[in-house]
$ cat coords.cif   # mmCIF, C-alpha atoms and all ligand atoms
data_final
#
loop_
_atom_site.label_atom_id
_atom_site.label_comp_id
_atom_site.auth_asym_id
_atom_site.auth_seq_id
_atom_site.Cartn_x
_atom_site.Cartn_y
_atom_site.Cartn_z
CA MET V 1 -15.06 -21.12 -2.86
CA SER V 2 -14.44 -19.97 0.72
CA ILE V 3 -14.35 -22.45 3.63
CA THR V 4 -17.38 -22.14 5.93
CA LYS V 5 -17.02 -21.75 9.72
CA SER V 6 -19.02 -24.92 10.33
CA GLU V 7 -16.61 -26.88 8.11
CA VAL V 8 -13.60 -25.58 10.10
CA ARG V 9 -15.36 -26.42 13.37
CA ARG V 10 -15.95 -29.98 12.15
CA VAL V 11 -12.33 -30.39 11.00
CA VAL V 12 -10.49 -28.87 14.02
CA GLY V 13 -12.79 -30.22 16.73
CA GLU V 14 -14.69 -28.45 19.50
CA ALA V 15 -11.79 -27.58 21.85
CA ALA V 16 -9.64 -26.01 19.12
CA TRP V 17 -12.68 -24.22 17.75
CA VAL V 18 -13.29 -22.50 21.08
CA ARG V 19 -9.61 -21.41 21.22
CA LEU V 20 -9.80 -20.12 17.63
CA LYS V 21 -12.92 -18.14 18.40
CA LEU V 22 -11.30 -16.60 21.44
CA ALA V 23 -8.26 -15.58 19.38
CA LEU V 24 -10.38 -14.07 16.60
CA GLY V 25 -11.01 -10.37 16.91
CA ARG V 26 -8.37 -9.98 19.59
CA ARG V 27 -6.10 -7.12 18.66
CA PRO V 28 -2.51 -6.89 19.78
CA PRO V 29 -1.94 -3.85 22.02
CA ALA V 30 -1.69 -0.61 20.10
CA GLY V 31 1.70 0.21 21.56
CA PRO V 32 3.10 1.04 24.97
CA THR V 33 1.23 3.91 26.58
CA GLY V 34 3.21 7.03 27.28
CA LEU V 35 5.39 6.57 24.20
CA ARG V 36 3.19 8.52 21.83
CA SER V 37 4.67 11.89 20.92
CA THR V 38 5.79 13.94 17.95
CA GLY V 39 9.16 14.61 19.57
CA PRO V 40 12.50 13.07 18.76
CA LEU V 41 12.82 9.35 18.41
CA PRO V 42 13.24 7.77 21.84
CA ALA V 43 16.04 5.25 21.94
CA ALA V 44 13.47 2.86 23.35
CA LEU V 45 11.95 2.47 19.90
CA ASN V 46 15.09 0.97 18.42
CA GLY V 47 14.58 -2.73 17.95
CA LEU V 48 10.80 -2.47 18.36
CA ASP V 49 8.40 -3.30 15.57
CA LEU V 50 7.01 -0.81 13.07
CA SER V 51 3.57 -0.93 14.72
CA THR V 52 5.10 0.51 17.89
CA TRP V 53 6.79 3.17 15.79
CA ALA V 54 3.43 3.99 14.17
CA TRP V 55 1.91 4.36 17.63
CA HIS V 56 4.71 6.66 18.69
CA PHE V 57 4.37 8.91 15.64
CA GLY V 58 0.56 8.90 15.75
CA THR V 59 -0.17 7.61 12.25
CA ASP V 60 -3.34 5.58 11.84
CA LYS V 61 -1.43 2.89 9.95
CA TRP V 62 -1.61 1.02 13.23
CA GLY V 63 -4.52 1.31 15.64
CA GLU V 64 -7.22 2.44 13.24
CA HIS V 65 -5.81 0.33 10.41
CA TRP V 66 -3.54 -2.67 10.80
CA TYR V 67 -1.07 -2.09 7.99
CA THR V 68 2.32 -1.80 9.70
CA PRO V 69 3.11 -5.53 10.06
CA HIS V 70 2.55 -5.89 6.31
CA TYR V 71 4.72 -2.87 5.58
CA GLU V 72 7.41 -4.19 7.85
CA ARG V 73 7.47 -7.50 5.99
CA HIS V 74 7.83 -5.83 2.60
CA PHE V 75 9.99 -2.85 3.54
CA ALA V 76 12.45 -4.48 5.97
CA PRO V 77 14.94 -5.51 3.21
CA LEU V 78 14.99 -1.88 2.00
CA ARG V 79 15.32 -0.24 5.37
CA ARG V 80 19.04 0.70 5.32
CA LYS V 81 19.14 1.52 1.62
CA ARG V 82 19.40 4.88 -0.03
CA LEU V 83 16.02 5.19 -1.70
CA THR V 84 13.20 7.60 -2.37
CA LEU V 85 9.74 7.01 -0.93
CA LEU V 86 6.67 8.99 -1.96
CA GLU V 87 3.56 8.98 0.18
CA ILE V 88 0.42 10.49 -1.34
CA GLY V 89 -1.72 11.92 1.47
CA VAL V 90 0.04 13.74 4.31
CA GLY V 91 -2.92 14.05 6.71
CA GLY V 92 -3.97 16.58 9.35
CA TYR V 93 -6.49 19.40 9.17
CA ASP V 94 -4.31 22.47 9.58
CA ARG V 95 -1.44 23.61 7.35
CA SER V 96 1.16 22.66 9.90
CA GLU V 97 -0.65 19.55 11.15
CA GLY V 98 -0.32 16.03 9.81
CA GLY V 99 2.80 14.37 8.47
CA GLU V 100 2.74 11.62 11.12
CA SER V 101 3.56 8.85 8.67
CA LEU V 102 6.20 10.96 6.89
CA ARG V 103 8.01 11.47 10.20
CA MET V 104 7.77 7.76 10.91
CA TRP V 105 9.23 6.86 7.51
CA GLU V 106 11.96 9.50 7.89
CA GLN V 107 13.19 7.85 11.08
CA TRP V 108 12.54 4.24 10.13
CA PHE V 109 14.39 4.58 6.77
CA PRO V 110 17.48 6.41 8.05
CA ARG V 111 19.07 6.91 4.60
CA ALA V 112 15.96 7.59 2.53
CA ARG V 113 14.58 10.71 0.95
CA ILE V 114 10.93 10.97 2.02
CA LEU V 115 8.45 12.83 -0.19
CA GLY V 116 4.86 13.71 0.56
CA LEU V 117 2.12 14.94 -1.77
CA ASP V 118 -1.15 16.42 -0.60
CA ILE V 119 -3.94 18.37 -2.22
CA GLU V 120 -3.82 20.71 0.79
CA ASP V 121 -0.83 22.91 1.44
CA LYS V 122 1.33 20.91 3.83
CA THR V 123 4.62 22.22 2.51
CA GLU V 124 5.53 23.69 5.93
CA LEU V 125 6.19 20.11 7.02
CA SER V 126 9.25 19.90 4.74
CA ARG V 127 12.47 19.52 6.72
CA GLY V 128 15.77 17.67 6.36
CA ARG V 129 15.22 14.54 4.28
CA VAL V 130 11.45 15.22 4.03
CA THR V 131 10.01 17.28 1.16
CA VAL V 132 6.30 17.93 0.89
CA TYR V 133 4.57 18.95 -2.36
CA GLN V 134 1.14 20.40 -2.82
CA GLY V 135 -0.89 18.95 -5.67
CA ASN V 136 -3.60 16.61 -6.78
CA GLN V 137 -2.62 12.96 -7.07
CA VAL V 138 -4.24 12.79 -10.51
CA ASP V 139 -2.16 15.69 -11.82
CA GLU V 140 0.41 14.05 -14.07
CA GLY V 141 2.46 17.27 -14.09
CA VAL V 142 3.12 17.26 -10.34
CA LEU V 143 3.89 13.52 -10.30
CA ARG V 144 6.41 13.95 -13.11
CA ARG V 145 7.93 16.99 -11.43
CA ILE V 146 8.51 14.98 -8.24
CA ILE V 147 10.36 12.31 -10.20
CA ASP V 148 12.30 14.88 -12.25
CA GLU V 149 13.45 16.54 -9.02
CA HIS V 150 14.23 13.43 -6.97
CA GLY V 151 14.83 10.56 -9.40
CA PRO V 152 13.25 7.11 -9.36
CA LEU V 153 10.78 6.22 -6.61
CA ARG V 154 11.52 2.88 -4.98
CA VAL V 155 8.42 3.00 -2.77
CA VAL V 156 5.06 4.66 -3.40
CA ILE V 157 2.21 4.68 -0.87
CA ASP V 158 -1.17 5.92 -2.06
CA ASP V 159 -2.97 7.12 1.07
CA GLY V 160 -4.63 10.06 -0.68
CA SER V 161 -8.25 10.48 -1.76
CA HIS V 162 -9.04 6.71 -1.83
CA ASN V 163 -11.34 7.38 -4.75
CA PRO V 164 -10.97 4.31 -7.03
CA ALA V 165 -10.74 6.39 -10.23
CA HIS V 166 -7.96 8.50 -8.66
CA VAL V 167 -6.20 5.41 -7.32
CA ARG V 168 -6.10 3.86 -10.75
CA GLN V 169 -5.16 7.04 -12.60
CA THR V 170 -2.29 7.73 -10.20
CA PHE V 171 -1.05 4.15 -10.63
CA GLU V 172 -1.24 4.43 -14.42
CA THR V 173 0.92 7.56 -14.34
CA LEU V 174 3.47 6.48 -11.75
CA PHE V 175 3.92 2.74 -12.20
CA PRO V 176 5.54 2.92 -15.67
CA LEU V 177 8.04 5.45 -14.26
CA LEU V 178 9.16 3.24 -11.35
CA PRO V 179 12.37 1.19 -11.33
CA ASP V 180 12.51 -2.58 -11.32
CA GLY V 181 11.76 -3.91 -7.83
CA ALA V 182 9.68 -0.88 -6.81
CA LEU V 183 6.83 -1.40 -4.35
CA TYR V 184 3.52 0.40 -4.86
CA ALA V 185 1.09 0.30 -1.93
CA ILE V 186 -2.56 1.30 -2.08
CA GLU V 187 -4.24 1.85 1.28
CA ASP V 188 -7.92 1.77 2.25
CA THR V 189 -9.04 -0.32 -0.70
CA GLN V 190 -12.33 -0.90 1.14
CA THR V 191 -13.64 2.19 -0.69
CA SER V 192 -13.83 -0.12 -3.71
CA TYR V 193 -17.05 -1.45 -2.17
CA TRP V 194 -18.52 1.94 -1.17
CA PRO V 195 -20.46 3.88 -3.84
CA THR V 196 -20.25 7.08 -1.76
CA TRP V 197 -16.46 6.97 -2.26
CA GLY V 198 -16.64 6.16 -5.97
CA GLY V 199 -16.70 2.39 -5.42
CA SER V 200 -19.39 -0.11 -6.37
CA LEU V 201 -21.65 -2.75 -4.88
CA ASP V 202 -20.92 -4.86 -7.96
CA LEU V 203 -17.90 -7.06 -7.11
CA ALA V 204 -16.93 -7.15 -10.79
CA ASP V 205 -17.38 -3.45 -11.56
CA PRO V 206 -14.27 -2.58 -13.60
CA SER V 207 -14.25 1.01 -12.30
CA ALA V 208 -13.71 -0.11 -8.68
CA THR V 209 -10.29 -0.82 -7.18
CA ILE V 210 -10.58 -4.47 -6.16
CA PRO V 211 -11.92 -5.78 -9.52
CA TRP V 212 -8.97 -3.99 -11.15
CA VAL V 213 -6.61 -5.65 -8.64
CA LYS V 214 -8.18 -9.01 -9.52
CA ASP V 215 -7.40 -8.23 -13.16
CA LEU V 216 -3.77 -7.67 -12.16
CA VAL V 217 -3.78 -11.13 -10.54
CA ASP V 218 -5.11 -12.64 -13.78
CA GLY V 219 -2.45 -10.67 -15.61
CA LEU V 220 0.25 -12.28 -13.44
CA HIS V 221 -0.77 -15.56 -15.09
CA TYR V 222 -1.19 -14.20 -18.61
CA GLU V 223 1.23 -16.77 -20.02
CA GLU V 224 -0.92 -19.61 -18.70
CA GLN V 225 -4.14 -18.45 -20.34
CA LEU V 226 -5.07 -20.53 -23.33
CA ASP V 227 -6.97 -17.93 -25.35
CA PRO V 228 -4.80 -17.64 -28.51
CA GLY V 229 -6.24 -14.18 -29.18
CA ARG V 230 -5.10 -12.75 -25.84
CA ILE V 231 -2.55 -9.99 -26.23
CA SER V 232 -0.45 -9.32 -23.16
CA SER V 233 -0.67 -5.85 -21.67
CA TRP V 234 2.23 -3.90 -20.24
CA THR V 235 1.04 -4.55 -16.67
CA ASP V 236 0.74 -8.30 -17.47
CA GLU V 237 4.45 -8.26 -18.26
CA MET V 238 5.69 -5.77 -15.67
CA VAL V 239 3.76 -6.61 -12.47
CA ARG V 240 5.73 -9.31 -10.67
CA ALA V 241 3.58 -9.69 -7.56
CA VAL V 242 0.29 -8.53 -6.10
CA HIS V 243 0.08 -8.83 -2.31
CA CYS V 244 -3.47 -8.39 -1.02
CA TYR V 245 -4.27 -7.70 2.63
CA HIS V 246 -7.39 -6.41 4.34
CA ASN V 247 -7.77 -2.90 2.85
CA LEU V 248 -4.17 -2.82 1.64
CA VAL V 249 -2.62 -3.92 -1.66
CA ILE V 250 1.12 -3.92 -2.35
CA ILE V 251 2.13 -4.29 -6.01
CA GLU V 252 5.70 -5.15 -6.98
CA LYS V 253 7.20 -4.04 -10.25
CA GLY V 254 9.37 -6.45 -12.19
CA ASP V 255 9.69 -8.55 -15.30
CA ASN V 256 6.89 -11.14 -15.23
CA ARG V 257 7.82 -12.82 -18.54
CA GLU V 258 8.68 -16.20 -17.08
CA GLY V 259 7.42 -18.46 -19.83
CA SER V 260 4.98 -21.30 -19.36
CA SER V 261 4.75 -25.04 -19.53
CA ALA V 262 1.26 -24.78 -21.01
CA ASP V 263 2.50 -26.11 -24.37
CA ARG V 264 3.51 -29.39 -22.72
CA LEU V 265 1.01 -29.67 -19.88
CA ALA V 266 -2.21 -27.80 -20.56
CA ALA V 267 -3.53 -30.65 -22.72
CA GLY V 268 -4.03 -32.65 -19.51
CA PRO V 269 -2.31 -34.50 -16.67
C1 LIG C 301 -5.70 9.63 5.46
S1 LIG C 301 -4.93 11.18 5.23
C2 LIG C 301 -3.24 10.68 5.11
C3 LIG C 301 -2.65 10.17 6.40
C4 LIG C 301 -1.17 9.92 6.39
N1 LIG C 301 -0.70 9.27 5.20
C5 LIG C 301 -0.77 9.05 7.59
O1 LIG C 301 -0.70 7.82 7.45
O2 LIG C 301 -0.53 9.62 8.67
C6 LIG C 301 -5.38 11.51 3.55
C7 LIG C 301 -4.78 12.79 2.97
O3 LIG C 301 -4.99 12.74 1.55
C8 LIG C 301 -5.16 14.07 1.08
N2 LIG C 301 -5.86 14.01 -0.22
C9 LIG C 301 -7.18 13.84 -0.45
N3 LIG C 301 -7.43 13.87 -1.78
C10 LIG C 301 -6.23 14.04 -2.39
C11 LIG C 301 -5.83 14.17 -3.77
N4 LIG C 301 -6.72 14.10 -4.76
N5 LIG C 301 -4.52 14.35 -4.04
C12 LIG C 301 -3.62 14.43 -3.02
N6 LIG C 301 -3.94 14.32 -1.72
C13 LIG C 301 -5.22 14.14 -1.40
C14 LIG C 301 -5.97 14.74 2.19
O4 LIG C 301 -5.81 16.14 2.16
C15 LIG C 301 -5.41 14.09 3.45
O5 LIG C 301 -4.39 14.89 4.02
#
$ encode --input "coords.cif" --output "structure tokens" --more "lines below"
Ligand SMILES: C[S@@+](CC[C@H](N)C(=O)[O-])C[C@H]1O[C@@H](n2cnc3c(N)ncnc32)[C@H](O)[C@@H]1O
Amino acid sequence: MSITKSEVRRVVGEAAWVRLKLALGRRPPAGPTGLRSTGPLPAALNGLDLSTWAWHFGTDKWGEHWYTPHYERHFAPLRRKRLTLLEIGVGGYDRSEGGESLRMWEQWFPRARILGLDIEDKTELSRGRVTVYQGNQVDEGVLRRIIDEHGPLRVVIDDGSHNPAHVRQTFETLFPLLPDGALYAIEDTQTSYWPTWGGSLDLADPSATIPWVKDLVDGLHYEEQLDPGRISSWTDEMVRAVHCYHNLVIIEKGDNREGSSADRLAAGP
């Protein structure tokens, strides 16, 4: 059950409540003005946070959405590694437009191979360590080809159609092919609640994204569930963490077979 605002107000007291209310809804600045450009990385960005980088490169991961602090938390340990990142959804309306986030990742991960996939032809944006494919995110053939050509994907970001059926189908194809420790991000999960995007008003509708994510959270605890007839699924055993943020989910792949103390403790305290 969620905590009501009146309960918080009672607990923290009037003065703290006023401060809290003032802080709520206040957004940090969207980056220093004058820095935004598609040109080479200004030295001034070094040492600044990923949100400032997002502002510079013009991706909506910061400003329209508020994803970059979450990405920075999860991606920082990988930053200097040799790895392959695939982002589904390149962006932009024209053939040669878009690619803002790909350019940001290219610079922010200095040793990584950066791959993009888009249903529109954005292949002109390929350069250096960036390779862009054209294809539908639900086409298993193109997803397999990307892995065949570049090897295991350490990071996947689904910023494509945001249609819940596509989101799930893409996950079901890619996740089994990822290495241990891989991170799989799904952006704009708010479409889960929007029927016009393939989502549902029913918070438990199994075809929508968030109810499926809630199932993954239950699956994380499969060993604690007392139903003797429950058979563990592959995702139960191979999803090690599910990080949920506003409109963003980051799923970590890894062995989740930890065992349980249910035999000793579930009978009661
Ligand atoms: C929000 S934009 C991506 C923005 C970009 N990732 C960024 O952060 O700058 C979404 C992109 O997904 C692409 N897209 C839509 N449906 C798709 C599908 N089924 N498969 C692949 N890409 C798709 C669109 O063409 C569009 O370029």
$ residues_near_ligand --input "coords.cif" --ligand "ligand LIG 301 (chain C)" --cutoff "10 Å" --atoms "only C-alpha atoms and all ligand atoms" --output "PyMOL selection string"
chain V and resi 54+57-62+65+67+87-95+97-105+116-122+133-139+157-163+166-167+170+187-188
$ write_last_selection --input "coords.cif" --atoms "C-alpha atoms" --output "tab-separated table (two decimals), keeping the file's coordinate frame"
chain	number	residue	atom	x	y	z
V	54	ALA	CA	3.43	3.99	14.17
V	57	PHE	CA	4.37	8.91	15.64
V	58	GLY	CA	0.56	8.90	15.75
V	59	THR	CA	-0.17	7.61	12.25
V	60	ASP	CA	-3.34	5.58	11.84
V	61	LYS	CA	-1.43	2.89	9.95
V	62	TRP	CA	-1.61	1.02	13.23
V	65	HIS	CA	-5.81	0.33	10.41
V	67	TYR	CA	-1.07	-2.09	7.99
V	87	GLU	CA	3.56	8.98	0.18
V	88	ILE	CA	0.42	10.49	-1.34
V	89	GLY	CA	-1.72	11.92	1.47
V	90	VAL	CA	0.04	13.74	4.31
V	91	GLY	CA	-2.92	14.05	6.71
V	92	GLY	CA	-3.97	16.58	9.35
V	93	TYR	CA	-6.49	19.40	9.17
V	94	ASP	CA	-4.31	22.47	9.58
V	95	ARG	CA	-1.44	23.61	7.35
V	97	GLU	CA	-0.65	19.55	11.15
V	98	GLY	CA	-0.32	16.03	9.81
V	99	GLY	CA	2.80	14.37	8.47
V	100	GLU	CA	2.74	11.62	11.12
V	101	SER	CA	3.56	8.85	8.67
V	102	LEU	CA	6.20	10.96	6.89
V	103	ARG	CA	8.01	11.47	10.20
V	104	MET	CA	7.77	7.76	10.91
V	105	TRP	CA	9.23	6.86	7.51
V	116	GLY	CA	4.86	13.71	0.56
V	117	LEU	CA	2.12	14.94	-1.77
V	118	ASP	CA	-1.15	16.42	-0.60
V	119	ILE	CA	-3.94	18.37	-2.22
V	120	GLU	CA	-3.82	20.71	0.79
V	121	ASP	CA	-0.83	22.91	1.44
V	122	LYS	CA	1.33	20.91	3.83
V	133	TYR	CA	4.57	18.95	-2.36
V	134	GLN	CA	1.14	20.40	-2.82
V	135	GLY	CA	-0.89	18.95	-5.67
V	136	ASN	CA	-3.60	16.61	-6.78
V	137	GLN	CA	-2.62	12.96	-7.07
V	138	VAL	CA	-4.24	12.79	-10.51
V	139	ASP	CA	-2.16	15.69	-11.82
V	157	ILE	CA	2.21	4.68	-0.87
V	158	ASP	CA	-1.17	5.92	-2.06
V	159	ASP	CA	-2.97	7.12	1.07
V	160	GLY	CA	-4.63	10.06	-0.68
V	161	SER	CA	-8.25	10.48	-1.76
V	162	HIS	CA	-9.04	6.71	-1.83
V	163	ASN	CA	-11.34	7.38	-4.75
V	166	HIS	CA	-7.96	8.50	-8.66
V	167	VAL	CA	-6.20	5.41	-7.32
V	170	THR	CA	-2.29	7.73	-10.20
V	187	GLU	CA	-4.24	1.85	1.28
V	188	ASP	CA	-7.92	1.77	2.25
$ atom_distance --input "coords.cif" --atom1 "CA of Asp215 (chain V)" --atom2 "CA of Arg154 (chain V)"
23.4 Å
$ residues_around --input "coords.cif" --residues "region 189-192 of chain V" --least-positions-apart "4" --cutoff "10 Å" --atoms "only C-alpha atoms" --output "PyMOL selection string"
chain V and resi 159+161-165+167+196-203+205+207-213+244-249
$ atom_distance --input "coords.cif" --atom1 "CA of Tyr222 (chain V)" --atom2 "CA of Ile251 (chain V)"
16.4 Å
$ closest_atom_pairs --input "coords.cif" --of "region 151-195 of chain V" --to "region 141-144 of chain V" --cutoff "9 Å" --atoms "all atoms listed in the file" --output "CSV"
residue,atom,partner,partner_atom,distance
V:Thr170,CA,V:Leu143,CA,8.5
V:Thr173,CA,V:Leu143,CA,7.8
V:Leu174,CA,V:Leu143,CA,7.2
V:Leu177,CA,V:Arg144,CA,8.7
$ write_last_selection --input "coords.cif" --atoms "C-alpha atoms" --output "PDB file, in the coordinates of the input"
ATOM      1  CA  THR V 170      -2.290   7.730 -10.200  1.00  0.00           C
ATOM      2  CA  THR V 173       0.920   7.560 -14.340  1.00  0.00           C
ATOM      3  CA  LEU V 174       3.470   6.480 -11.750  1.00  0.00           C
ATOM      4  CA  LEU V 177       8.040   5.450 -14.260  1.00  0.00           C
TER       5      LEU V 177
END
$ atom_distance --input "coords.cif" --atom1 "CA of Arg127 (chain V)" --atom2 "CA of Leu50 (chain V)"
22.0 Å
$ closest_atom_pairs --input "coords.cif" --of "region 138-238 of chain V" --to "region 68-83 of chain V" --cutoff "9 Å" --atoms "all atoms listed in the file" --output "JSON lines"
{"residue": "V:Pro152", "atom": "CA", "partner": "V:Leu83", "partner_atom": "CA", "distance": 8.4}
{"residue": "V:Leu153", "atom": "CA", "partner": "V:Leu83", "partner_atom": "CA", "distance": 7.3}
{"residue": "V:Arg154", "atom": "CA", "partner": "V:Leu83", "partner_atom": "CA", "distance": 6.0}
{"residue": "V:Val155", "atom": "CA", "partner": "V:Leu83", "partner_atom": "CA", "distance": 8.0}
{"residue": "V:Leu183", "atom": "CA", "partner": "V:His74", "partner_atom": "CA", "distance": 8.3}
{"residue": "V:Ala185", "atom": "CA", "partner": "V:Tyr71", "partner_atom": "CA", "distance": 8.9}
$ closest_residue --input "coords.cif" --among "V:Asp49, V:Ala44, V:Glu237, V:Val132" --to "Leu86 (chain V)" --atoms "all atoms listed in the file"
V:Val132
$ closest_residue --input "coords.cif" --among "V:Val242, V:Ile147, V:Val12, V:Leu85" --to "Lys214 (chain V)" --atoms "all atoms listed in the file"
V:Val242
$ build_atoms --input "coords.cif" --residues "region 66-83 of chain V" --atoms "N, CA and C atoms" --output "PDB file, keeping the file's coordinate frame"
ATOM      1  N   TRP V  66      -4.478  -1.654  10.266  1.00  0.00           N
ATOM      2  CA  TRP V  66      -3.540  -2.670  10.800  1.00  0.00           C
ATOM      3  C   TRP V  66      -2.491  -3.000   9.733  1.00  0.00           C
ATOM      4  N   TYR V  67      -1.931  -1.929   9.162  1.00  0.00           N
ATOM      5  CA  TYR V  67      -1.070  -2.090   7.990  1.00  0.00           C
ATOM      6  C   TYR V  67       0.410  -2.334   8.325  1.00  0.00           C
ATOM      7  N   THR V  68       0.863  -1.853   9.479  1.00  0.00           N
ATOM      8  CA  THR V  68       2.320  -1.800   9.700  1.00  0.00           C
ATOM      9  C   THR V  68       3.013  -3.174   9.682  1.00  0.00           C
ATOM     10  N   PRO V  69       2.394  -4.260  10.180  1.00  0.00           N
ATOM     11  CA  PRO V  69       3.110  -5.530  10.060  1.00  0.00           C
ATOM     12  C   PRO V  69       3.340  -5.925   8.591  1.00  0.00           C
ATOM     13  N   HIS V  70       2.381  -5.571   7.737  1.00  0.00           N
ATOM     14  CA  HIS V  70       2.550  -5.890   6.310  1.00  0.00           C
ATOM     15  C   HIS V  70       3.655  -5.024   5.707  1.00  0.00           C
ATOM     16  N   TYR V  71       3.647  -3.735   6.074  1.00  0.00           N
ATOM     17  CA  TYR V  71       4.720  -2.870   5.580  1.00  0.00           C
ATOM     18  C   TYR V  71       6.074  -3.362   6.062  1.00  0.00           C
ATOM     19  N   GLU V  72       6.122  -3.760   7.308  1.00  0.00           N
ATOM     20  CA  GLU V  72       7.410  -4.190   7.850  1.00  0.00           C
ATOM     21  C   GLU V  72       7.939  -5.398   7.066  1.00  0.00           C
ATOM     22  N   ARG V  73       7.050  -6.306   6.758  1.00  0.00           N
ATOM     23  CA  ARG V  73       7.470  -7.500   5.990  1.00  0.00           C
ATOM     24  C   ARG V  73       8.059  -7.110   4.638  1.00  0.00           C
ATOM     25  N   HIS V  74       7.391  -6.167   3.956  1.00  0.00           N
ATOM     26  CA  HIS V  74       7.830  -5.830   2.600  1.00  0.00           C
ATOM     27  C   HIS V  74       8.973  -4.821   2.587  1.00  0.00           C
ATOM     28  N   PHE V  75       8.992  -3.929   3.571  1.00  0.00           N
ATOM     29  CA  PHE V  75       9.990  -2.850   3.540  1.00  0.00           C
ATOM     30  C   PHE V  75      11.284  -3.198   4.286  1.00  0.00           C
ATOM     31  N   ALA V  76      11.252  -4.198   5.152  1.00  0.00           N
ATOM     32  CA  ALA V  76      12.450  -4.480   5.970  1.00  0.00           C
ATOM     33  C   ALA V  76      13.720  -4.644   5.126  1.00  0.00           C
ATOM     34  N   PRO V  77      13.683  -5.367   3.980  1.00  0.00           N
ATOM     35  CA  PRO V  77      14.940  -5.510   3.210  1.00  0.00           C
ATOM     36  C   PRO V  77      15.444  -4.188   2.639  1.00  0.00           C
ATOM     37  N   LEU V  78      14.588  -3.170   2.594  1.00  0.00           N
ATOM     38  CA  LEU V  78      14.990  -1.880   2.000  1.00  0.00           C
ATOM     39  C   LEU V  78      15.440  -0.877   3.045  1.00  0.00           C
ATOM     40  N   ARG V  79      15.268  -1.241   4.310  1.00  0.00           N
ATOM     41  CA  ARG V  79      15.320  -0.240   5.370  1.00  0.00           C
ATOM     42  C   ARG V  79      16.604   0.592   5.389  1.00  0.00           C
ATOM     43  N   ARG V  80      17.763  -0.042   5.207  1.00  0.00           N
ATOM     44  CA  ARG V  80      19.040   0.700   5.320  1.00  0.00           C
ATOM     45  C   ARG V  80      19.515   1.236   3.976  1.00  0.00           C
ATOM     46  N   LYS V  81      18.690   1.098   2.950  1.00  0.00           N
ATOM     47  CA  LYS V  81      19.140   1.520   1.620  1.00  0.00           C
ATOM     48  C   LYS V  81      18.884   2.999   1.397  1.00  0.00           C
ATOM     49  N   ARG V  82      19.687   3.533   0.447  1.00  0.00           N
ATOM     50  CA  ARG V  82      19.400   4.880  -0.030  1.00  0.00           C
ATOM     51  C   ARG V  82      18.284   4.746  -1.042  1.00  0.00           C
ATOM     52  N   LEU V  83      17.140   5.320  -0.778  1.00  0.00           N
ATOM     53  CA  LEU V  83      16.020   5.190  -1.700  1.00  0.00           C
ATOM     54  C   LEU V  83      15.119   6.400  -1.541  1.00  0.00           C
TER      55      LEU V  83
END
